[in-house]
Amino acid sequence: MRVALTVWDGRISPVFDVCREALIVSVEKGVVVALSREIVDPVNALLKIQRLVELEVETLICGAISEPLHRELTSRGVRVVGFVAGEIEAVMKAFVAGRLPAPELSMPGCCTRQRRFHGGRELSAGRARGQGWRRKGR
Amino acid sequence: MTERRKPPIDPRLPEIATDSILESISDGVFTVDGQWRVSSFNRAAEQITGVPREDAIGRRCSDVFRASMCETECALRHTMETGATVVNKTTFIINAAGTRIPISVSTALLRDAHGAVVGGAETFRDLSLIEELRKEIRGRYQVGDIFSRSASMRRLLEVLPRIAESESTILLQGETGTGKELVARAIHGLSPRREGPFVAVNCGALPDTLLESELFGYKAGAFTGANKDKLGRFALARGGTLFLDEIGEVSPALQVRLLRVLQEKQYEPLGATRTEEANVRIVTATNRDLAQQVESGAFRQDLYYRIKVMKLELPPLRHRREDIPLLVQHFITVFNAVQNKRVTGVSPEVLGVLTAHDYPGNVRELQNMIEHAFVLLHEGQIELDHLPSDVVPALRKGTGHFELAESISAAEAQAIRETLERCGGNRLEAAKALGMHKSTLFRKVRRLGLELPQQDGRTRRSPRAKETP
């Protein structure tokens, strides 16, 4: 499967809507087999989405993403793992191991909007939409 | 007389007071240390961002704040690097619910008791309310992304909410570039299905066999090369709206399949043995005369009646010229934002030419003209030189003012004719609508050699006239 991670400063870019660069990663049987960098349109979000669709990206891992763009991507068949934060390497490792979304790699205060996936297969159905990670003692 | 002694002041008071003030103000405030980690976060910042303070403290500010300027134009970085403050810079953040919130940002350096820089402070103000008010003012002429102040379009926009509420199939008919997809999106946005996806398919852009698999999807092994299951657009639009553009281009074989989906709300992906439920609202569009296609046998009559449960005609731009200034301003605003330019508007000559043009390509053509001007211009006003040469051919011949005056006269004549028609021939009403005195209207009519309609519109409106046998 092909995955895109939006990148800035070695980390997941904070806002998908205006991000400039994506790392396109091909994963087969839990192993990264190909990796390339792609410059994407920072201003026109629809062009950016179009480019990801052309690259046959199946899953997008990104930071904050506005709801209309999330819907547009979903309607084009791209699965979105949004509001992710952290170093690219840590995020990639977690994704390959089927540990995304994860509280330690989520933006603060954000719900983990989607269930966990591994190689396109759903692993956990523990949290419904709108329910977030909660810290101990909160 | 005994001397009144002042009560002792708590040495922590200034600090407590600062905390109380920060907690009570409506502007969001946060501070960062030298490593861009959030070190304080007030109540308003929690409310605006949707991030609880305990989650924000210690995290990188870009992960907490999520502003559009974080990557390239961070105001705080600018202040920390140069020492210069930033005041009221506008940007947007994305809150925890995925909503874009317009804000204005101001920054300052954070110093310790000895004056050494220990970080930065950022205050931000939620501009949502101001944006809402702006939208409300614009909303008088706007539904979804459609802008119009013309009577014909307004009538259409007024019925959209009621049409959107129903589940009926809709047929949008209009010339190319009249905004059929925008209307379809507006219907989706106003419908109970708005939380679901909006999926558009251009039926004329794909060959028949591809279109079939694109619409209904297929199962692995359905045909050579089908290595894995593929969801069709009907499946992707589940719970939402499926927009079938250029429906008149669909082949007779596919028309039969579409008819079945519309009748039974069910379909089978290619190679599937199980029937799937089609939980979508269908909006179709065409620039052809479907009734004529039915007569000639190119389009199935039963399908035609199925899709035109509600039929909406979109007027071409040349029939609603009063929208041109509004649309021009809209496109300038959009292109300024998208291309980061500072174009202020168009010159009166350009507006005259744009208003007089016939627009076979409709709104899309107007949009392309403005985009053309943006390629040549970075800031200031759009002049005739910035328009495509085929729009102002007479001027290119170099004789100048005469042709320009003609263009303006043609635009004036067109506006007067259309307003008179709309007002049923009533001269006074037409003059008011055009923002001029009645005698000015008559003078212009004479100068432009226009013929006034025979009916003057007054008898139609007089109650006494109605009673007269």
# chains A, B, ... in the order shown; residues from 1 in each chain; ligands from 1
>>> residues_around(residues="B:Arg447", least_positions_apart="3", cutoff="12 Å", atoms="only C-alpha atoms", output="ChimeraX atom specification")
/B:409-410,412-413,440-444,450-451
>>> write_last_selection(atoms="N, CA and C atoms", output="PDB file, in the first residue's frame")
ATOM      1  N   SER B 409     -21.167  51.790 -24.152  1.00  0.00           N
ATOM      2  CA  SER B 409     -22.549  52.036 -24.590  1.00  0.00           C
ATOM      3  C   SER B 409     -23.309  50.726 -24.738  1.00  0.00           C
ATOM      4  N   ALA B 410     -22.640  49.723 -25.300  1.00  0.00           N
ATOM      5  CA  ALA B 410     -23.304  48.433 -25.489  1.00  0.00           C
ATOM      6  C   ALA B 410     -23.696  47.842 -24.146  1.00  0.00           C
ATOM      7  N   GLU B 412     -24.271  49.530 -21.402  1.00  0.00           N
ATOM      8  CA  GLU B 412     -25.357  50.350 -20.863  1.00  0.00           C
ATOM      9  C   GLU B 412     -26.686  49.940 -21.488  1.00  0.00           C
ATOM     10  N   ALA B 413     -26.671  49.805 -22.829  1.00  0.00           N
ATOM     11  CA  ALA B 413     -27.897  49.448 -23.549  1.00  0.00           C
ATOM     12  C   ALA B 413     -28.430  48.106 -23.066  1.00  0.00           C
ATOM     13  N   THR B 440     -33.076  60.811 -16.715  1.00  0.00           N
ATOM     14  CA  THR B 440     -31.754  60.326 -17.180  1.00  0.00           C
ATOM     15  C   THR B 440     -31.948  59.060 -18.002  1.00  0.00           C
ATOM     16  N   LEU B 441     -32.870  58.211 -17.512  1.00  0.00           N
ATOM     17  CA  LEU B 441     -33.128  56.965 -18.241  1.00  0.00           C
ATOM     18  C   LEU B 441     -33.645  57.281 -19.654  1.00  0.00           C
ATOM     19  N   PHE B 442     -34.606  58.219 -19.744  1.00  0.00           N
ATOM     20  CA  PHE B 442     -35.151  58.563 -21.067  1.00  0.00           C
ATOM     21  C   PHE B 442     -34.074  59.154 -21.979  1.00  0.00           C
ATOM     22  N   ARG B 443     -33.168  59.977 -21.371  1.00  0.00           N
ATOM     23  CA  ARG B 443     -32.099  60.587 -22.159  1.00  0.00           C
ATOM     24  C   ARG B 443     -31.173  59.500 -22.718  1.00  0.00           C
ATOM     25  N   LYS B 444     -30.862  58.537 -21.852  1.00  0.00           N
ATOM     26  CA  LYS B 444     -29.960  57.451 -22.281  1.00  0.00           C
ATOM     27  C   LYS B 444     -30.644  56.592 -23.352  1.00  0.00           C
ATOM     28  N   LEU B 450     -32.552  53.142 -28.213  1.00  0.00           N
ATOM     29  CA  LEU B 450     -33.295  51.955 -27.774  1.00  0.00           C
ATOM     30  C   LEU B 450     -34.787  52.154 -27.989  1.00  0.00           C
ATOM     31  N   GLU B 451     -35.467  51.030 -28.164  1.00  0.00           N
ATOM     32  CA  GLU B 451     -36.928  51.106 -28.278  1.00  0.00           C
ATOM     33  C   GLU B 451     -37.524  50.746 -26.938  1.00  0.00           C
TER      34      GLU B 451
END
>>> residues_around(residues="A:Lys93", least_positions_apart="2", cutoff="12 Å", atoms="only C-alpha atoms", output="PyMOL selection string")
chain A and resi 25+27+30-32+86-91+95-102+105+118
>>> residues_around(residues="A:Phe16", least_positions_apart="6", cutoff="10 Å", atoms="only C-alpha atoms", output="list in words")
Leu5, Thr6, Val7, Ala22, Pro42, Ala45, Lys48, Leu60, Ile61, Cys62, Gly63, Ala64, Ile65, Ser66, Leu69, His70, Gly82 and Phe83 of chain A; Arg66, Ser68 and Ile94 of chain B
>>> write_last_selection(atoms="C-alpha atoms", output="mmCIF file, in the first residue's frame")
data_model
loop_
_atom_site.group_PDB
_atom_site.id
_atom_site.type_symbol
_atom_site.label_atom_id
_atom_site.label_comp_id
_atom_site.auth_asym_id
_atom_site.auth_seq_id
_atom_site.Cartn_x
_atom_site.Cartn_y
_atom_site.Cartn_z
ATOM 1 C CA LEU A 5 3.132 11.624 5.307
ATOM 2 C CA THR A 6 3.136 15.421 5.238
ATOM 3 C CA VAL A 7 6.566 16.636 6.325
ATOM 4 C CA ALA A 22 4.981 14.914 1.477
ATOM 5 C CA PRO A 42 0.819 24.785 -0.399
ATOM 6 C CA ALA A 45 -5.571 22.362 -1.441
ATOM 7 C CA LYS A 48 -2.659 18.942 -3.491
ATOM 8 C CA LEU A 60 -2.605 10.010 4.335
ATOM 9 C CA ILE A 61 -0.916 10.651 7.671
ATOM 10 C CA CYS A 62 -0.996 14.344 8.483
ATOM 11 C CA GLY A 63 -1.277 16.945 11.206
ATOM 12 C CA ALA A 64 -4.330 19.145 11.675
ATOM 13 C CA ILE A 65 -6.678 19.003 8.697
ATOM 14 C CA SER A 66 -9.845 20.990 8.133
ATOM 15 C CA LEU A 69 -10.499 18.638 3.036
ATOM 16 C CA HIS A 70 -10.859 15.536 5.203
ATOM 17 C CA GLY A 82 -5.169 13.206 10.874
ATOM 18 C CA PHE A 83 -4.002 15.247 13.880
ATOM 19 C CA ARG B 66 -1.766 24.566 14.304
ATOM 20 C CA SER B 68 -1.488 28.243 8.688
ATOM 21 C CA ILE B 94 -7.464 24.472 12.898
#
>>> interface_residues(of="chain A", to="chain B", cutoff="9 Å", atoms="only C-alpha atoms", output="NGL selection string")
:A and (8-9 or 13-20 or 43-44 or 63-68 or 70-72 or 74-77 or 83-86 or 106-111 or 130 or 135)
>>> write_last_selection(atoms="N, CA and C atoms", output="short mmCIF file (atom, residue, chain, number, x, y, z; two decimals), in the first residue's frame")
data_model
loop_
_atom_site.label_atom_id
_atom_site.label_comp_id
_atom_site.auth_asym_id
_atom_site.auth_seq_id
_atom_site.Cartn_x
_atom_site.Cartn_y
_atom_site.Cartn_z
N TRP A 8 7.45 18.46 7.65
CA TRP A 8 8.04 19.78 7.86
C TRP A 8 9.05 19.67 9.00
N ASP A 9 10.26 20.06 8.73
CA ASP A 9 11.29 20.11 9.77
C ASP A 9 11.50 18.74 10.44
N SER A 13 3.99 17.69 9.37
CA SER A 13 3.64 19.10 9.18
C SER A 13 2.40 19.45 10.03
N PRO A 14 2.43 20.62 10.73
CA PRO A 14 1.32 20.89 11.65
C PRO A 14 -0.05 21.05 10.98
N VAL A 15 -0.07 21.60 9.75
CA VAL A 15 -1.38 21.84 9.10
C VAL A 15 -1.36 21.29 7.67
N PHE A 16 -2.17 20.28 7.41
CA PHE A 16 -2.21 19.69 6.06
C PHE A 16 -2.62 20.73 5.02
N ASP A 17 -3.60 21.59 5.37
CA ASP A 17 -4.17 22.55 4.41
C ASP A 17 -3.11 23.39 3.71
N VAL A 18 -1.99 23.67 4.40
CA VAL A 18 -0.96 24.54 3.82
C VAL A 18 0.41 23.85 3.72
N CYS A 19 0.46 22.53 3.88
CA CYS A 19 1.77 21.86 3.88
C CYS A 19 2.38 21.89 2.48
N ARG A 20 3.71 21.77 2.44
CA ARG A 20 4.43 21.93 1.18
C ARG A 20 5.10 20.67 0.69
N VAL A 43 -0.83 26.18 -1.50
CA VAL A 43 -1.93 27.15 -1.51
C VAL A 43 -3.25 26.52 -1.94
N ASN A 44 -3.20 25.82 -3.09
CA ASN A 44 -4.42 25.24 -3.61
C ASN A 44 -4.58 23.80 -3.11
N GLY A 63 -0.98 16.22 9.98
CA GLY A 63 -1.28 16.95 11.21
C GLY A 63 -2.73 17.40 11.18
N ALA A 64 -2.95 18.63 11.66
CA ALA A 64 -4.33 19.14 11.67
C ALA A 64 -4.84 19.27 10.24
N ILE A 65 -6.08 18.92 10.04
CA ILE A 65 -6.68 19.00 8.70
C ILE A 65 -8.10 19.51 8.85
N SER A 66 -8.49 20.44 8.00
CA SER A 66 -9.84 20.99 8.13
C SER A 66 -10.86 19.98 7.59
N GLU A 67 -12.04 20.07 8.15
CA GLU A 67 -13.08 19.07 7.87
C GLU A 67 -13.41 18.96 6.38
N PRO A 68 -13.56 20.07 5.63
CA PRO A 68 -13.90 19.91 4.21
C PRO A 68 -12.84 19.14 3.43
N HIS A 70 -10.76 16.92 4.71
CA HIS A 70 -10.86 15.54 5.20
C HIS A 70 -11.95 14.80 4.42
N ARG A 71 -13.09 15.48 4.25
CA ARG A 71 -14.22 14.87 3.53
C ARG A 71 -13.87 14.64 2.07
N GLU A 72 -13.19 15.63 1.45
CA GLU A 72 -12.84 15.52 0.04
C GLU A 72 -11.92 14.32 -0.19
N THR A 74 -11.60 11.66 1.73
CA THR A 74 -12.34 10.42 1.98
C THR A 74 -13.22 10.08 0.78
N SER A 75 -13.84 11.13 0.21
CA SER A 75 -14.72 10.86 -0.94
C SER A 75 -13.93 10.38 -2.15
N ARG A 76 -12.63 10.66 -2.16
CA ARG A 76 -11.79 10.19 -3.27
C ARG A 76 -11.08 8.88 -2.92
N GLY A 77 -11.50 8.30 -1.84
CA GLY A 77 -10.99 6.98 -1.50
C GLY A 77 -9.68 6.99 -0.73
N PHE A 83 -4.36 14.75 12.55
CA PHE A 83 -4.00 15.25 13.88
C PHE A 83 -2.90 14.40 14.53
N VAL A 84 -1.98 13.96 13.65
CA VAL A 84 -0.81 13.20 14.13
C VAL A 84 0.32 14.20 14.35
N ALA A 85 1.12 13.98 15.40
CA ALA A 85 2.27 14.85 15.68
C ALA A 85 3.46 13.99 16.04
N GLY A 86 4.65 14.44 15.66
CA GLY A 86 5.85 13.71 16.07
C GLY A 86 6.87 13.62 14.96
N SER A 106 -0.27 11.90 18.91
CA SER A 106 -1.44 12.70 18.50
C SER A 106 -1.23 14.14 18.93
N MET A 107 -1.84 15.05 18.19
CA MET A 107 -1.76 16.46 18.59
C MET A 107 -2.53 16.64 19.89
N PRO A 108 -2.09 17.55 20.76
CA PRO A 108 -2.77 17.69 22.05
C PRO A 108 -4.23 18.12 21.88
N GLY A 109 -5.08 17.51 22.69
CA GLY A 109 -6.48 17.88 22.70
C GLY A 109 -7.29 17.33 21.55
N CYS A 110 -6.65 16.53 20.68
CA CYS A 110 -7.37 16.09 19.49
C CYS A 110 -7.91 14.67 19.65
N CYS A 111 -9.09 14.53 19.10
CA CYS A 111 -9.67 13.19 19.10
C CYS A 111 -8.86 12.37 18.10
N GLY A 130 -15.31 10.92 17.48
CA GLY A 130 -15.67 11.93 18.47
C GLY A 130 -15.17 11.60 19.86
N ARG A 135 -6.04 11.11 29.24
CA ARG A 135 -4.91 10.76 30.10
C ARG A 135 -5.41 10.20 31.43
#
>>> residues_around(residues="B:Arg77", least_positions_apart="6", cutoff="12 Å", atoms="only C-alpha atoms", output="NGL selection string")
:B and (32-36 or 61-62 or 69-71 or 83-86 or 106-109 or 119-122)
>>> residues_around(residues="B:Ile408", least_positions_apart="5", cutoff="9 Å", atoms="only C-alpha atoms", output="ChimeraX atom specification")
/B:348-349,351-353,355-356,403,413
>>> closest_residue(among="A:Ala4, A:Val81, A:Ile12, A:Ala94", to="A:Arg51", atoms="only C-alpha atoms")
A:Ala4
>>> residues_around(residues="B:Thr273", least_positions_apart="4", cutoff="10 Å", atoms="only C-alpha atoms", output="PyMOL selection string")
chain B and resi 219+268-269
>>> select_by_dssp(residues="stretch 308-337 of chain B", states="strand (DSSP E)", output="list in words")
Met310, Lys311, Leu312, Glu313 and Leu314 of chain B
>>> closest_residue(among="A:Val3, A:Leu73, A:Ala34, A:Ile24", to="A:Leu46", atoms="only C-alpha atoms")
A:Leu73
>>> atom_distance(atom1="atom CA of B:Asp385", atom2="atom CA of B:Glu322")
23.5 Å
>>> residues_around(residues="B:Leu428", least_positions_apart="2", cutoff="10 Å", atoms="only C-alpha atoms", output="number ranges by chain")
B: 420, 423, 425-426, 430-434, 436-439, 441, 456-458
>>> write_last_selection(atoms="N, CA and C atoms", output="PDB file, in the first residue's frame")
ATOM      1  N   LEU B 420     -35.557  46.984 -17.946  1.00  0.00           N
ATOM      2  CA  LEU B 420     -36.919  47.313 -18.385  1.00  0.00           C
ATOM      3  C   LEU B 420     -37.756  46.037 -18.525  1.00  0.00           C
ATOM      4  N   CYS B 423     -38.694  44.760 -15.149  1.00  0.00           N
ATOM      5  CA  CYS B 423     -39.685  45.592 -14.460  1.00  0.00           C
ATOM      6  C   CYS B 423     -40.998  45.658 -15.241  1.00  0.00           C
ATOM      7  N   GLY B 425     -41.601  46.743 -18.115  1.00  0.00           N
ATOM      8  CA  GLY B 425     -41.742  47.947 -18.917  1.00  0.00           C
ATOM      9  C   GLY B 425     -41.927  49.213 -18.088  1.00  0.00           C
ATOM     10  N   ASN B 426     -42.021  49.068 -16.768  1.00  0.00           N
ATOM     11  CA  ASN B 426     -42.238  50.232 -15.909  1.00  0.00           C
ATOM     12  C   ASN B 426     -40.968  51.087 -15.858  1.00  0.00           C
ATOM     13  N   ALA B 430     -37.694  50.838 -13.395  1.00  0.00           N
ATOM     14  CA  ALA B 430     -36.416  50.494 -14.039  1.00  0.00           C
ATOM     15  C   ALA B 430     -35.354  51.536 -13.709  1.00  0.00           C
ATOM     16  N   ALA B 431     -35.754  52.828 -13.732  1.00  0.00           N
ATOM     17  CA  ALA B 431     -34.799  53.897 -13.422  1.00  0.00           C
ATOM     18  C   ALA B 431     -34.291  53.753 -11.998  1.00  0.00           C
ATOM     19  N   LYS B 432     -35.215  53.438 -11.071  1.00  0.00           N
ATOM     20  CA  LYS B 432     -34.827  53.249  -9.666  1.00  0.00           C
ATOM     21  C   LYS B 432     -33.855  52.082  -9.544  1.00  0.00           C
ATOM     22  N   ALA B 433     -34.189  50.975 -10.230  1.00  0.00           N
ATOM     23  CA  ALA B 433     -33.332  49.784 -10.161  1.00  0.00           C
ATOM     24  C   ALA B 433     -31.941  50.072 -10.711  1.00  0.00           C
ATOM     25  N   LEU B 434     -31.879  50.964 -11.697  1.00  0.00           N
ATOM     26  CA  LEU B 434     -30.581  51.296 -12.302  1.00  0.00           C
ATOM     27  C   LEU B 434     -29.869  52.411 -11.539  1.00  0.00           C
ATOM     28  N   MET B 436     -30.818  55.635 -11.247  1.00  0.00           N
ATOM     29  CA  MET B 436     -30.797  56.928 -11.949  1.00  0.00           C
ATOM     30  C   MET B 436     -32.195  57.543 -11.964  1.00  0.00           C
ATOM     31  N   HIS B 437     -32.247  58.838 -12.290  1.00  0.00           N
ATOM     32  CA  HIS B 437     -33.536  59.516 -12.367  1.00  0.00           C
ATOM     33  C   HIS B 437     -34.236  59.081 -13.653  1.00  0.00           C
ATOM     34  N   LYS B 438     -35.600  59.205 -13.644  1.00  0.00           N
ATOM     35  CA  LYS B 438     -36.352  58.757 -14.815  1.00  0.00           C
ATOM     36  C   LYS B 438     -35.956  59.528 -16.076  1.00  0.00           C
ATOM     37  N   SER B 439     -35.716  60.837 -15.883  1.00  0.00           N
ATOM     38  CA  SER B 439     -35.367  61.642 -17.080  1.00  0.00           C
ATOM     39  C   SER B 439     -33.991  61.228 -17.625  1.00  0.00           C
ATOM     40  N   LEU B 441     -32.870  58.211 -17.512  1.00  0.00           N
ATOM     41  CA  LEU B 441     -33.128  56.965 -18.241  1.00  0.00           C
ATOM     42  C   LEU B 441     -33.645  57.281 -19.654  1.00  0.00           C
ATOM     43  N   ASP B 456     -46.161  49.998 -20.560  1.00  0.00           N
ATOM     44  CA  ASP B 456     -45.313  50.797 -19.678  1.00  0.00           C
ATOM     45  C   ASP B 456     -45.244  50.217 -18.260  1.00  0.00           C
ATOM     46  N   GLY B 457     -45.968  49.117 -18.012  1.00  0.00           N
ATOM     47  CA  GLY B 457     -45.831  48.436 -16.734  1.00  0.00           C
ATOM     48  C   GLY B 457     -46.706  48.997 -15.634  1.00  0.00           C
ATOM     49  N   ARG B 458     -47.255  50.213 -15.820  1.00  0.00           N
ATOM     50  CA  ARG B 458     -48.025  50.811 -14.738  1.00  0.00           C
ATOM     51  C   ARG B 458     -49.416  50.203 -14.636  1.00  0.00           C
TER      52      ARG B 458
END
>>> decode(residues="stretch 53-124 of chain B", atoms="C-alpha atoms", output="compact mmCIF listing (two decimals), in the first residue's frame")
# COMPACT_ATOMS: atom_id res chain seq x y z
CA ARG B 53 -4.15 23.57 29.20
CA GLU B 54 -2.72 20.40 30.75
CA ASP B 55 -2.40 18.89 27.25
CA ALA B 56 -0.82 22.02 25.81
CA ILE B 57 1.89 22.71 28.41
CA GLY B 58 5.23 21.20 27.40
CA ARG B 59 4.18 20.42 23.80
CA ARG B 60 5.64 22.06 20.68
CA CYS B 61 3.71 25.25 19.94
CA SER B 62 3.08 24.28 16.28
CA ASP B 63 1.36 21.05 17.40
CA VAL B 64 -0.83 22.98 19.83
CA PHE B 65 -1.52 26.13 17.81
CA ARG B 66 -1.77 24.57 14.30
CA ALA B 67 -1.77 27.89 12.45
CA SER B 68 -1.49 28.24 8.69
CA MET B 69 1.62 30.38 9.20
CA CYS B 70 3.53 27.95 11.46
CA GLU B 71 5.67 26.47 8.67
CA THR B 72 6.79 29.53 6.75
CA GLU B 73 5.74 32.75 8.45
CA CYS B 74 5.81 32.04 12.17
CA ALA B 75 5.23 35.39 13.86
CA LEU B 76 6.83 34.24 17.09
CA ARG B 77 9.97 33.02 15.30
CA HIS B 78 10.21 36.41 13.58
CA THR B 79 10.00 38.18 16.95
CA MET B 80 12.47 35.82 18.64
CA GLU B 81 14.98 36.23 15.80
CA THR B 82 14.69 39.97 15.20
CA GLY B 83 13.27 41.32 18.46
CA ALA B 84 10.55 43.11 16.46
CA THR B 85 6.98 42.63 17.56
CA VAL B 86 4.24 41.51 15.20
CA VAL B 87 0.86 43.20 15.57
CA ASN B 88 -2.51 41.85 14.41
CA LYS B 89 -1.27 39.53 11.68
CA THR B 90 -4.21 37.54 10.35
CA THR B 91 -4.07 33.79 9.80
CA PHE B 92 -6.18 30.76 10.60
CA ILE B 93 -5.80 27.88 13.00
CA ILE B 94 -7.46 24.47 12.90
CA ASN B 95 -9.12 23.59 16.16
CA ALA B 96 -9.51 20.13 17.62
CA ALA B 97 -12.83 19.67 15.76
CA GLY B 98 -11.23 20.34 12.36
CA THR B 99 -12.76 23.81 11.98
CA ARG B 100 -10.72 26.62 10.49
CA ILE B 101 -10.81 29.59 12.88
CA PRO B 102 -9.71 32.98 11.54
CA ILE B 103 -7.54 34.79 14.09
CA SER B 104 -5.28 37.81 14.41
CA VAL B 105 -1.92 37.33 16.12
CA SER B 106 0.42 39.66 18.03
CA THR B 107 3.76 38.70 19.52
CA ALA B 108 6.34 39.97 22.00
CA LEU B 109 9.58 38.80 23.59
CA LEU B 110 9.46 37.22 27.03
CA ARG B 111 12.23 38.46 29.35
CA ASP B 112 13.26 37.43 32.86
CA ALA B 113 13.82 39.80 35.80
CA HIS B 114 17.31 40.64 34.47
CA GLY B 115 16.07 41.48 30.99
CA ALA B 116 17.39 38.34 29.32
CA VAL B 117 15.20 36.83 26.61
CA VAL B 118 13.74 33.54 27.87
CA GLY B 119 11.09 32.94 25.23
CA GLY B 120 8.18 34.57 23.44
CA ALA B 121 4.56 35.46 24.10
CA GLU B 122 1.77 35.30 21.58
CA THR B 123 -1.72 36.74 21.94
CA PHE B 124 -4.44 35.86 19.46
